[in-house]
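S.K.: So that you have it, the file is protein20.txt, and it contains compact mmCIF, C-alpha atoms:
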# COMPACT_ATOMS: atom_id res chain seq x y z
CA MET V 1402 0.00 0.00 0.00
CA ASN V 1403 1.53 3.25 -1.14
CA SER V 1404 -0.73 6.04 0.02
CA HIS V 1405 1.75 8.63 -1.29
CA VAL V 1406 0.73 7.79 -4.84
CA ILE V 1407 -3.01 7.96 -4.17
CA ASP V 1408 -2.52 11.24 -2.33
CA ALA V 1409 -0.44 12.64 -5.19
CA ILE V 1410 -3.15 11.73 -7.70
CA LYS V 1411 -5.88 13.36 -5.63
CA ASN V 1412 -3.89 16.43 -4.64
CA ARG V 1413 -2.50 17.34 -8.07
CA ARG V 1414 -3.85 20.68 -9.19
CA SER V 1415 -3.62 22.83 -12.29
CA ILE V 1416 -1.37 25.63 -11.07
CA ARG V 1417 -1.07 28.76 -13.18
CA GLU V 1418 0.98 31.09 -10.94
CA TYR V 1419 4.71 30.59 -10.51
CA THR V 1420 7.70 32.22 -8.89
CA ASP V 1421 10.35 33.72 -11.16
CA ALA V 1422 12.79 30.94 -10.34
CA PRO V 1423 13.97 29.15 -13.47
CA VAL V 1424 13.35 25.42 -13.79
CA PRO V 1425 16.66 23.58 -14.01
CA ARG V 1426 17.18 21.54 -17.16
CA ASP V 1427 17.57 18.32 -15.19
CA GLN V 1428 14.10 18.86 -13.71
CA LEU V 1429 12.64 19.14 -17.21
CA TYR V 1430 14.44 15.96 -18.16
CA ALA V 1431 13.02 14.22 -15.08
CA ILE V 1432 9.51 15.23 -16.13
CA ILE V 1433 10.04 13.97 -19.67
CA GLU V 1434 11.52 10.71 -18.41
CA ALA V 1435 8.46 10.17 -16.20
CA GLY V 1436 6.25 10.83 -19.20
CA SER V 1437 8.10 8.24 -21.20
CA TRP V 1438 7.22 5.55 -18.66
CA ALA V 1439 3.58 5.76 -19.72
CA PRO V 1440 2.28 2.68 -21.46
CA SER V 1441 1.81 2.80 -25.23
CA GLY V 1442 0.32 0.34 -27.68
CA LEU V 1443 2.95 -2.11 -28.87
CA ASN V 1444 5.31 -0.05 -26.66
CA ASN V 1445 5.74 2.28 -29.64
CA GLN V 1446 6.63 5.25 -27.39
CA PRO V 1447 5.33 7.78 -29.92
CA TRP V 1448 5.76 10.87 -27.70
CA ARG V 1449 8.25 13.59 -28.52
CA PHE V 1450 9.01 16.76 -26.62
CA VAL V 1451 10.28 20.30 -27.05
CA THR V 1452 11.40 22.24 -23.99
CA ILE V 1453 11.01 26.02 -24.16
CA THR V 1454 12.49 28.56 -21.81
CA ASP V 1455 13.44 31.26 -24.36
CA GLY V 1456 11.50 34.48 -23.83
CA THR V 1457 11.10 35.32 -27.52
CA ILE V 1458 9.75 31.89 -28.37
CA LYS V 1459 7.32 32.18 -25.46
CA GLU V 1460 6.12 35.55 -26.78
CA HIS V 1461 5.40 34.01 -30.17
CA LEU V 1462 3.51 31.11 -28.58
CA ALA V 1463 1.58 33.44 -26.29
CA LYS V 1464 0.01 35.03 -29.36
CA LEU V 1465 -1.51 31.69 -30.33
CA THR V 1466 -3.72 31.13 -27.29
CA GLN V 1467 -6.12 32.98 -25.07
CA TYR V 1468 -4.01 31.77 -22.15
CA SER V 1469 -1.05 33.95 -23.11
CA HIS V 1470 -0.56 35.09 -19.50
CA ILE V 1471 0.16 31.52 -18.43
CA ILE V 1472 2.62 31.01 -21.28
CA MET V 1473 4.45 34.20 -20.26
CA ALA V 1474 4.29 33.51 -16.51
CA ALA V 1475 5.69 30.00 -16.71
CA PRO V 1476 9.49 29.75 -16.53
CA ALA V 1477 9.39 26.59 -18.62
CA LEU V 1478 7.13 24.97 -21.17
CA ILE V 1479 7.17 21.48 -22.61
CA ALA V 1480 5.38 20.92 -25.90
CA VAL V 1481 4.18 17.33 -26.16
CA TYR V 1482 3.97 15.79 -29.61
CA LEU V 1483 3.14 12.53 -31.32
CA ASP V 1484 5.57 11.52 -34.06
CA THR V 1485 3.10 10.50 -36.76
CA ALA V 1486 5.70 8.21 -38.32
CA LEU V 1487 5.53 6.07 -35.15
CA MET V 1488 1.76 6.06 -34.68
CA TYR V 1489 -0.12 2.80 -35.17
CA ASP V 1490 -3.68 3.65 -34.07
CA THR V 1491 -4.93 7.23 -33.78
CA VAL V 1492 -7.20 6.75 -30.76
CA LYS V 1493 -4.73 4.60 -28.81
CA ASP V 1494 -1.79 6.88 -29.58
CA ILE V 1495 -3.76 9.95 -28.45
CA GLN V 1496 -4.74 8.06 -25.28
CA SER V 1497 -1.10 7.25 -24.62
CA ALA V 1498 -0.26 10.95 -25.03
CA GLY V 1499 -2.78 11.60 -22.26
CA ALA V 1500 -1.18 8.93 -20.07
CA CYS V 1501 2.24 10.45 -20.76
CA ILE V 1502 1.02 13.96 -19.87
CA GLN V 1503 -0.54 12.71 -16.64
CA ASN V 1504 2.77 11.13 -15.62
CA MET V 1505 4.50 14.44 -16.38
CA LEU V 1506 2.07 16.46 -14.26
CA LEU V 1507 2.37 14.03 -11.35
CA ALA V 1508 6.16 13.96 -11.65
CA ALA V 1509 6.35 17.75 -11.67
CA GLU V 1510 4.53 17.97 -8.35
CA ALA V 1511 6.67 15.16 -6.97
CA ILE V 1512 9.77 17.29 -7.58
CA ASP V 1513 8.17 20.38 -6.02
CA LEU V 1514 7.21 22.03 -9.29
CA ALA V 1515 3.66 22.61 -10.47
CA GLY V 1516 2.11 22.85 -13.86
CA VAL V 1517 -0.91 23.10 -16.04
CA TRP V 1518 -2.04 21.34 -19.21
CA LEU V 1519 -2.81 23.84 -21.99
CA GLY V 1520 -5.01 22.49 -24.76
CA GLN V 1521 -6.70 25.53 -26.20
CA ILE V 1522 -3.56 26.32 -28.24
CA LEU V 1523 -4.17 23.15 -30.29
CA LYS V 1524 -6.47 25.15 -32.52
CA ASN V 1525 -3.30 26.84 -33.83
CA MET V 1526 -1.13 23.75 -33.97
CA GLY V 1527 0.21 24.56 -37.42
CA GLN V 1528 1.47 27.92 -36.22
CA VAL V 1529 2.95 26.36 -33.09
CA ASN V 1530 4.95 23.99 -35.27
CA ALA V 1531 6.11 26.95 -37.36
CA VAL V 1532 7.27 28.84 -34.24
CA LEU V 1533 9.13 25.78 -32.98
CA GLY V 1534 10.54 24.94 -36.40
CA LEU V 1535 8.95 21.52 -36.61
CA PRO V 1536 7.55 19.75 -39.66
CA ASP V 1537 3.88 18.75 -39.74
CA THR V 1538 4.86 15.12 -39.20
CA TYR V 1539 4.74 16.05 -35.50
CA ASP V 1540 1.19 16.31 -34.11
CA LEU V 1541 0.89 18.72 -31.20
CA MET V 1542 -0.90 17.12 -28.23
CA ALA V 1543 -0.52 19.84 -25.58
CA ILE V 1544 1.73 22.47 -24.15
CA LEU V 1545 2.50 22.02 -20.48
CA ALA V 1546 3.54 25.03 -18.40
CA PHE V 1547 5.81 24.46 -15.40
CA GLY V 1548 7.34 26.48 -12.61
CA TYR V 1549 7.78 26.64 -8.88
CA PRO V 1550 4.29 27.27 -7.55
CA GLU V 1551 3.29 30.53 -5.92
CA HIS V 1552 0.69 28.51 -4.03
CA HIS V 1553 -1.06 25.15 -4.04
CA ASN V 1554 -4.49 26.29 -2.93
CA GLN V 1555 -6.27 25.76 -6.24
CA SER V 1556 -9.45 23.87 -5.43
CA SER V 1557 -11.09 21.27 -7.63
CA THR V 1558 -14.00 18.90 -7.37
CA ARG V 1559 -15.09 15.61 -8.86
CA LYS V 1560 -18.43 13.91 -9.24
CA SER V 1561 -19.23 11.02 -6.92
CA ILE V 1562 -18.52 7.39 -7.75
CA GLU V 1563 -22.25 6.83 -8.28
CA GLU V 1564 -22.22 9.23 -11.22
CA PHE V 1565 -19.16 7.67 -12.83
CA LEU V 1566 -20.05 4.00 -12.36
CA ILE V 1567 -22.66 3.00 -14.95
CA LYS V 1568 -22.96 -0.66 -14.02
CA GLU V 1569 -21.47 -3.34 -11.80
CA LEU V 1570 -21.65 -6.69 -13.56
CA MET J 1240 10.29 15.88 -3.24
CA ASN J 1241 8.17 12.75 -3.30
CA SER J 1242 10.34 10.00 -4.71
CA HIS J 1243 7.56 7.47 -4.09
CA VAL J 1244 5.60 8.93 -6.99
CA ILE J 1245 8.51 8.94 -9.43
CA ASP J 1246 9.36 5.37 -8.40
CA ALA J 1247 5.72 4.30 -8.86
CA ILE J 1248 5.65 5.79 -12.35
CA LYS J 1249 8.87 4.06 -13.38
CA ASN J 1250 8.09 0.72 -11.72
CA ARG J 1251 4.53 0.30 -12.98
CA ARG J 1252 4.31 -2.72 -15.24
CA SER J 1253 1.65 -4.36 -17.40
CA ILE J 1254 0.89 -7.47 -15.35
CA ARG J 1255 -1.12 -10.26 -16.98
CA GLU J 1256 -0.93 -13.05 -14.39
CA TYR J 1257 -2.99 -12.90 -11.21
CA THR J 1258 -3.81 -15.00 -8.19
CA ASP J 1259 -7.36 -16.32 -7.84
CA ALA J 1260 -8.13 -13.88 -5.03
CA PRO J 1261 -11.12 -11.70 -5.83
CA VAL J 1262 -10.68 -7.93 -5.91
CA PRO J 1263 -12.89 -6.32 -3.25
CA ARG J 1264 -15.44 -3.86 -4.53
CA ASP J 1265 -13.96 -1.02 -2.48
CA GLN J 1266 -10.64 -1.54 -4.25
CA LEU J 1267 -12.35 -1.16 -7.61
CA TYR J 1268 -14.00 2.00 -6.34
CA ALA J 1269 -10.62 3.32 -5.19
CA ILE J 1270 -9.20 2.74 -8.67
CA ILE J 1271 -12.14 4.53 -10.31
CA GLU J 1272 -11.90 7.42 -7.89
CA ALA J 1273 -8.20 7.83 -8.70
CA GLY J 1274 -9.09 7.83 -12.39
CA SER J 1275 -11.61 10.56 -11.84
CA TRP J 1276 -8.91 12.87 -10.46
CA ALA J 1277 -7.38 13.11 -13.92
CA PRO J 1278 -7.62 16.52 -15.53
CA SER J 1279 -10.18 17.02 -18.28
CA GLY J 1280 -10.88 19.94 -20.56
CA LEU J 1281 -13.33 22.36 -18.92
CA ASN J 1282 -13.33 19.79 -16.07
CA ASN J 1283 -16.03 17.94 -18.02
CA GLN J 1284 -15.12 14.60 -16.38
CA PRO J 1285 -16.39 12.61 -19.38
CA TRP J 1286 -15.22 9.19 -18.14
CA ARG J 1287 -17.66 6.46 -17.22
CA PHE J 1288 -16.95 2.96 -15.93
CA VAL J 1289 -18.36 -0.54 -15.82
CA THR J 1290 -16.92 -3.03 -13.34
CA ILE J 1291 -17.06 -6.69 -14.35
CA THR J 1292 -16.43 -9.69 -12.14
CA ASP J 1293 -19.18 -12.00 -13.47
CA GLY J 1294 -17.78 -15.12 -15.12
CA THR J 1295 -20.36 -15.35 -17.88
CA ILE J 1296 -19.87 -11.72 -18.91
CA LYS J 1297 -16.12 -12.28 -18.96
CA GLU J 1298 -16.59 -15.30 -21.22
CA HIS J 1299 -18.57 -13.22 -23.68
CA LEU J 1300 -15.94 -10.46 -23.64
CA ALA J 1301 -13.13 -12.97 -24.02
CA LYS J 1302 -14.52 -13.95 -27.41
CA LEU J 1303 -14.05 -10.39 -28.64
CA THR J 1304 -10.26 -10.15 -28.30
CA GLN J 1305 -7.16 -12.15 -29.01
CA TYR J 1306 -6.23 -11.56 -25.36
CA SER J 1307 -9.04 -13.77 -24.07
CA HIS J 1308 -6.72 -15.51 -21.62
CA ILE J 1309 -6.11 -12.21 -19.81
CA ILE J 1310 -9.83 -11.43 -19.66
CA MET J 1311 -10.47 -14.87 -18.16
CA ALA J 1312 -7.48 -14.79 -15.80
CA ALA J 1313 -8.29 -11.40 -14.29
CA PRO J 1314 -10.60 -11.48 -11.25
CA ALA J 1315 -11.88 -8.02 -12.16
CA LEU J 1316 -12.21 -5.85 -15.23
CA ILE J 1317 -13.05 -2.19 -15.55
CA ALA J 1318 -14.35 -0.99 -18.89
CA VAL J 1319 -13.51 2.69 -19.40
CA TYR J 1320 -15.88 4.77 -21.51
CA LEU J 1321 -16.39 8.30 -22.70
CA ASP J 1322 -19.96 9.55 -22.42
CA THR J 1323 -20.33 11.17 -25.84
CA ALA J 1324 -23.03 13.49 -24.49
CA LEU J 1325 -20.37 15.10 -22.27
CA MET J 1326 -17.56 15.30 -24.83
CA TYR J 1327 -16.47 18.74 -26.04
CA ASP J 1328 -13.39 17.98 -28.17
CA THR J 1329 -12.62 14.53 -29.51
CA VAL J 1330 -8.83 14.68 -29.23
CA LYS J 1331 -8.81 16.30 -25.79
CA ASP J 1332 -11.45 13.96 -24.41
CA ILE J 1333 -9.54 10.92 -25.68
CA GLN J 1334 -6.37 12.34 -24.11
CA SER J 1335 -8.17 12.76 -20.80
CA ALA J 1336 -9.29 9.13 -21.02
CA GLY J 1337 -5.61 8.24 -21.28
CA ALA J 1338 -4.79 10.39 -18.25
CA CYS J 1339 -7.64 8.75 -16.34
CA ILE J 1340 -6.44 5.26 -17.26
CA GLN J 1341 -2.88 6.08 -16.20
CA ASN J 1342 -4.15 7.22 -12.79
CA MET J 1343 -6.09 3.95 -12.50
CA LEU J 1344 -3.06 1.81 -13.32
CA LEU J 1345 -0.86 3.72 -10.86
CA ALA J 1346 -3.54 3.55 -8.17
CA ALA J 1347 -3.97 -0.20 -8.63
CA GLU J 1348 -0.29 -0.81 -7.94
CA ALA J 1349 -0.45 1.58 -5.00
CA ILE J 1350 -3.07 -0.65 -3.38
CA ASP J 1351 -1.08 -3.83 -4.11
CA LEU J 1352 -3.05 -4.85 -7.16
CA ALA J 1353 -1.69 -4.98 -10.69
CA GLY J 1354 -3.27 -4.54 -14.05
CA VAL J 1355 -2.97 -4.24 -17.77
CA TRP J 1356 -4.50 -1.93 -20.35
CA LEU J 1357 -6.30 -3.87 -23.09
CA GLY J 1358 -6.87 -1.94 -26.28
CA GLN J 1359 -7.10 -4.59 -28.97
CA ILE J 1360 -10.74 -5.28 -28.02
CA LEU J 1361 -11.66 -1.77 -29.27
CA LYS J 1362 -12.00 -3.23 -32.74
CA ASN J 1363 -15.17 -4.92 -31.44
CA MET J 1364 -16.45 -1.99 -29.39
CA GLY J 1365 -20.01 -2.34 -30.69
CA GLN J 1366 -20.16 -5.95 -29.52
CA VAL J 1367 -18.63 -5.02 -26.17
CA ASN J 1368 -21.43 -2.50 -25.65
CA ALA J 1369 -23.97 -5.16 -26.56
CA VAL J 1370 -22.50 -7.60 -24.02
CA LEU J 1371 -22.52 -4.92 -21.32
CA GLY J 1372 -25.97 -3.67 -22.28
CA LEU J 1373 -24.84 -0.14 -23.08
CA PRO J 1374 -26.10 2.19 -25.80
CA ASP J 1375 -23.71 3.47 -28.46
CA THR J 1376 -23.66 6.88 -26.79
CA TYR J 1377 -20.86 5.39 -24.70
CA ASP J 1378 -17.53 5.18 -26.55
CA LEU J 1379 -15.30 2.36 -25.31
CA MET J 1380 -11.78 3.59 -24.53
CA ALA J 1381 -10.22 0.48 -23.00
CA ILE J 1382 -10.79 -2.51 -20.80
CA LEU J 1383 -8.46 -2.72 -17.83
CA ALA J 1384 -7.79 -6.08 -16.20
CA PHE J 1385 -6.94 -6.17 -12.50
CA GLY J 1386 -5.99 -8.71 -9.88
CA TYR J 1387 -3.45 -9.50 -7.21
CA PRO J 1388 -0.23 -10.07 -9.12
CA GLU J 1389 1.40 -13.48 -9.37
CA HIS J 1390 4.67 -11.61 -9.81
CA HIS J 1391 6.04 -8.19 -10.61
CA ASN J 1392 9.01 -9.22 -12.71
CA GLN J 1393 7.71 -8.01 -16.05
CA SER J 1394 10.52 -6.04 -17.65
CA SER J 1395 10.13 -3.01 -19.85
CA THR J 1396 12.39 -0.51 -21.51
CA ARG J 1397 12.22 3.04 -22.75
CA LYS J 1398 14.22 5.02 -25.25
CA SER J 1399 16.72 7.56 -23.92
CA ILE J 1400 15.90 11.21 -23.33
CA GLU J 1401 17.96 12.12 -26.41
CA GLU J 1402 15.53 10.21 -28.62
CA PHE J 1403 12.45 11.79 -27.07
CA LEU J 1404 13.66 15.38 -26.87
CA ILE J 1405 13.46 16.97 -30.32
CA LYS J 1406 14.63 20.46 -29.40
CA GLU J 1407 15.55 22.64 -26.43
CA LEU J 1408 14.55 26.22 -27.13
Show how you would write the structure in this file as structure tokens.
M.R.:
Amino acid sequence: MNSHVIDAIKNRRSIREYTDAPVPRDQLYAIIEAGSWAPSGLNNQPWRFVTITDGTIKEHLAKLTQYSHIIMAAPALIAVYLDTALMYDTVKDIQSAGACIQNMLLAAEAIDLAGVWLGQILKNMGQVNAVLGLPDTYDLMAILAFGYPEHHNQSSTRKSIEEFLIKEL
Amino acid sequence: MNSHVIDAIKNRRSIREYTDAPVPRDQLYAIIEAGSWAPSGLNNQPWRFVTITDGTIKEHLAKLTQYSHIIMAAPALIAVYLDTALMYDTVKDIQSAGACIQNMLLAAEAIDLAGVWLGQILKNMGQVNAVLGLPDTYDLMAILAFGYPEHHNQSSTRKSIEEFLIKEL
């Protein structure tokens, strides 16, 4: 029984306010490594990543989403991609991107960082690839913002088990 | 720093061999609750679940996948669905299903169970819904098999960070 893991899952929050402290490169690597331990169909490991700490690049990205303030406030971003050349099943590969992202968010909190999953920017995925200098063979899945949290008092709620559980057979 | 979480992420394995011990209902609820703490776009919480321990239902499901031996060996299954009435963006909802499933797999190991993510059965999702008595407004995402593990010596490997990290900007 490892109650730390259950607690971490329940206590993770989407944190959008960070201190100015930069995120060390080895912390970003630790987050990516945790992401890579997600399961994937046929263990195809289709996820690819771009780390972004450069201010000018962040300014360009900020123009592509309504959440520009989060992009600018976060000391570090990680863009999560699927390499379409490695994909074998669209739905399952997109699911595995979600599993990968969840590992990354949990790992960030485990190393005293905090982050948030930004999806609204996907509507401009072509322009994101242009800013990052990536060919369209990479499918943007999300941009994750990370930093040392200003707080961890973001509240969140979930429905009850009765609403989620359709049947017990 | 919570090294338990990082260790749990790296040490999780797809376990396909279980003891005959049944999985208590409250353990299945704990796994579902952990799943529900995944993030979802607009916090729409689109995931729905069916727990299955009935032998006859398992036999019917086993006929719908090449992994029938896992379906039959597992004391408990949880079918993970998206409620299409709650979906707001196909890609993001499928990603959040992946995040939910990853939480469930991590939570299972945290409570001394083990499991495996079965995706091949998705090719027969219509028949799965028929067996479970569900309308097609529920989109099958995966069936997860759970039980007390016979072992935890399944090995797995991941590529190196250099292969995953496309650029550092």
S.K.: Can you check which residues of chain J have any atom within 6 Å of chain V? Use all atoms listed in the file and format it as a count of residues only.
M.R.: 28
S.K.: Calculated over all atoms listed in the file, which of the candidates V:Leu1541, V:Ala1531, V:Val1424, V:Leu1443 has the smallest distance to Leu1483 in chain V?
M.R.: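 Once distances to Leu1483 in chain V are computed over all atoms listed in the file, the minimum belongs to V:Leu1541.
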S.K.: Interatomic distance between CA of Glu1389 in chain J and CA of Val1367 in chain J?
M.R.: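 CA of Val1367 in chain J lies at a distance of 27.5 Å from CA of Glu1389 in chain J.
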S.K.: Using all atoms listed in the file, which of V:Lys1464, V:Asp1540, V:Ala1474, V:Met1526 sits nearest Pro1423 in chain V?
M.R.: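 Closest to Pro1423 in chain V, using all atoms listed in the file: V:Ala1474.
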S.K.: Under the rule that all atoms listed in the file are counted, which of V:Ile1522, V:Leu1462, V:Met1488, V:Ala1546 is the nearest residue to Tyr1419 in chain V?
M.R.: V:Ala1546
S.K.: What does the distance between CA of His1461 in chain V and CA of Ala1475 in chain V come to in Å, to one decimal place?
M.R.: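 Distance reported for this atom pair: 14.0 Å.
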S.K.: CA of Tyr1377 in chain J and CA of Glu1256 in chain J are how many Å apart?
M.R.: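 Result for CA of Tyr1377 in chain J versus CA of Glu1256 in chain J: 29.0 Å, one decimal.
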S.K.: Starting from the point (-8.4, 34.8, -27.1), work out which residues of protein, DNA or RNA have an atom no more than 12 Å away when counting all atoms listed in the file; state them as a ChimeraX atom specification.
M.R.: /V:1463-1470,1521-1522,1524-1525
S.K.: Calculated over all atoms listed in the file, which of the candidates V:Ile1544, V:Asp1537, V:Gln1428, V:Gln1528 has the smallest distance to Ile1471 in chain V?
M.R.: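 Result for the nearest residue to Ile1471 in chain V: V:Ile1544.
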S.K.: For range 1245-1263 of chain J, write N, CA and C atoms out as a short mmCIF file (atom, residue, chain, number, x, y, z; two decimals), in the first residue's frame.
M.R.:
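Ended up saving to result08.cif:
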data_model
loop_
_atom_site.label_atom_id
_atom_site.label_comp_id
_atom_site.auth_asym_id
_atom_site.auth_seq_id
_atom_site.Cartn_x
_atom_site.Cartn_y
_atom_site.Cartn_z
N ILE J 1245 7.63 9.19 -8.28
CA ILE J 1245 8.51 8.94 -9.43
C ILE J 1245 8.79 7.43 -9.52
N ASP J 1246 9.09 6.81 -8.39
CA ASP J 1246 9.36 5.37 -8.40
C ASP J 1246 8.14 4.60 -8.89
N ALA J 1247 6.94 5.01 -8.45
CA ALA J 1247 5.72 4.30 -8.86
C ALA J 1247 5.52 4.41 -10.37
N ILE J 1248 5.80 5.58 -10.90
CA ILE J 1248 5.65 5.79 -12.35
C ILE J 1248 6.62 4.90 -13.13
N LYS J 1249 7.86 4.83 -12.64
CA LYS J 1249 8.87 4.06 -13.38
C LYS J 1249 8.72 2.56 -13.18
N ASN J 1250 8.16 2.16 -12.04
CA ASN J 1250 8.09 0.72 -11.72
C ASN J 1250 6.77 0.07 -12.10
N ARG J 1251 5.80 0.89 -12.52
CA ARG J 1251 4.53 0.30 -12.98
C ARG J 1251 4.81 -0.64 -14.15
N ARG J 1252 4.14 -1.77 -14.14
CA ARG J 1252 4.31 -2.72 -15.24
C ARG J 1252 2.94 -3.24 -15.67
N SER J 1253 2.85 -3.70 -16.90
CA SER J 1253 1.65 -4.36 -17.40
C SER J 1253 1.71 -5.81 -16.93
N ILE J 1254 0.86 -6.14 -15.95
CA ILE J 1254 0.89 -7.47 -15.35
C ILE J 1254 -0.34 -8.25 -15.83
N ARG J 1255 -0.07 -9.46 -16.34
CA ARG J 1255 -1.12 -10.26 -16.98
C ARG J 1255 -1.41 -11.57 -16.25
N GLU J 1256 -0.74 -11.81 -15.15
CA GLU J 1256 -0.93 -13.05 -14.39
C GLU J 1256 -1.31 -12.69 -12.96
N TYR J 1257 -2.42 -13.29 -12.50
CA TYR J 1257 -2.99 -12.90 -11.21
C TYR J 1257 -3.26 -14.15 -10.37
N THR J 1258 -3.34 -13.93 -9.06
CA THR J 1258 -3.81 -15.00 -8.19
C THR J 1258 -5.33 -15.11 -8.35
N ASP J 1259 -5.91 -16.14 -7.74
CA ASP J 1259 -7.36 -16.32 -7.84
C ASP J 1259 -8.13 -15.41 -6.89
N ALA J 1260 -7.44 -14.69 -6.06
CA ALA J 1260 -8.13 -13.88 -5.03
C ALA J 1260 -9.01 -12.82 -5.69
N PRO J 1261 -10.26 -12.74 -5.27
CA PRO J 1261 -11.12 -11.70 -5.83
C PRO J 1261 -10.65 -10.31 -5.42
N VAL J 1262 -11.01 -9.33 -6.22
CA VAL J 1262 -10.68 -7.93 -5.91
C VAL J 1262 -11.89 -7.32 -5.22
N PRO J 1263 -11.73 -6.89 -3.96
CA PRO J 1263 -12.89 -6.32 -3.25
C PRO J 1263 -13.45 -5.10 -3.98
#
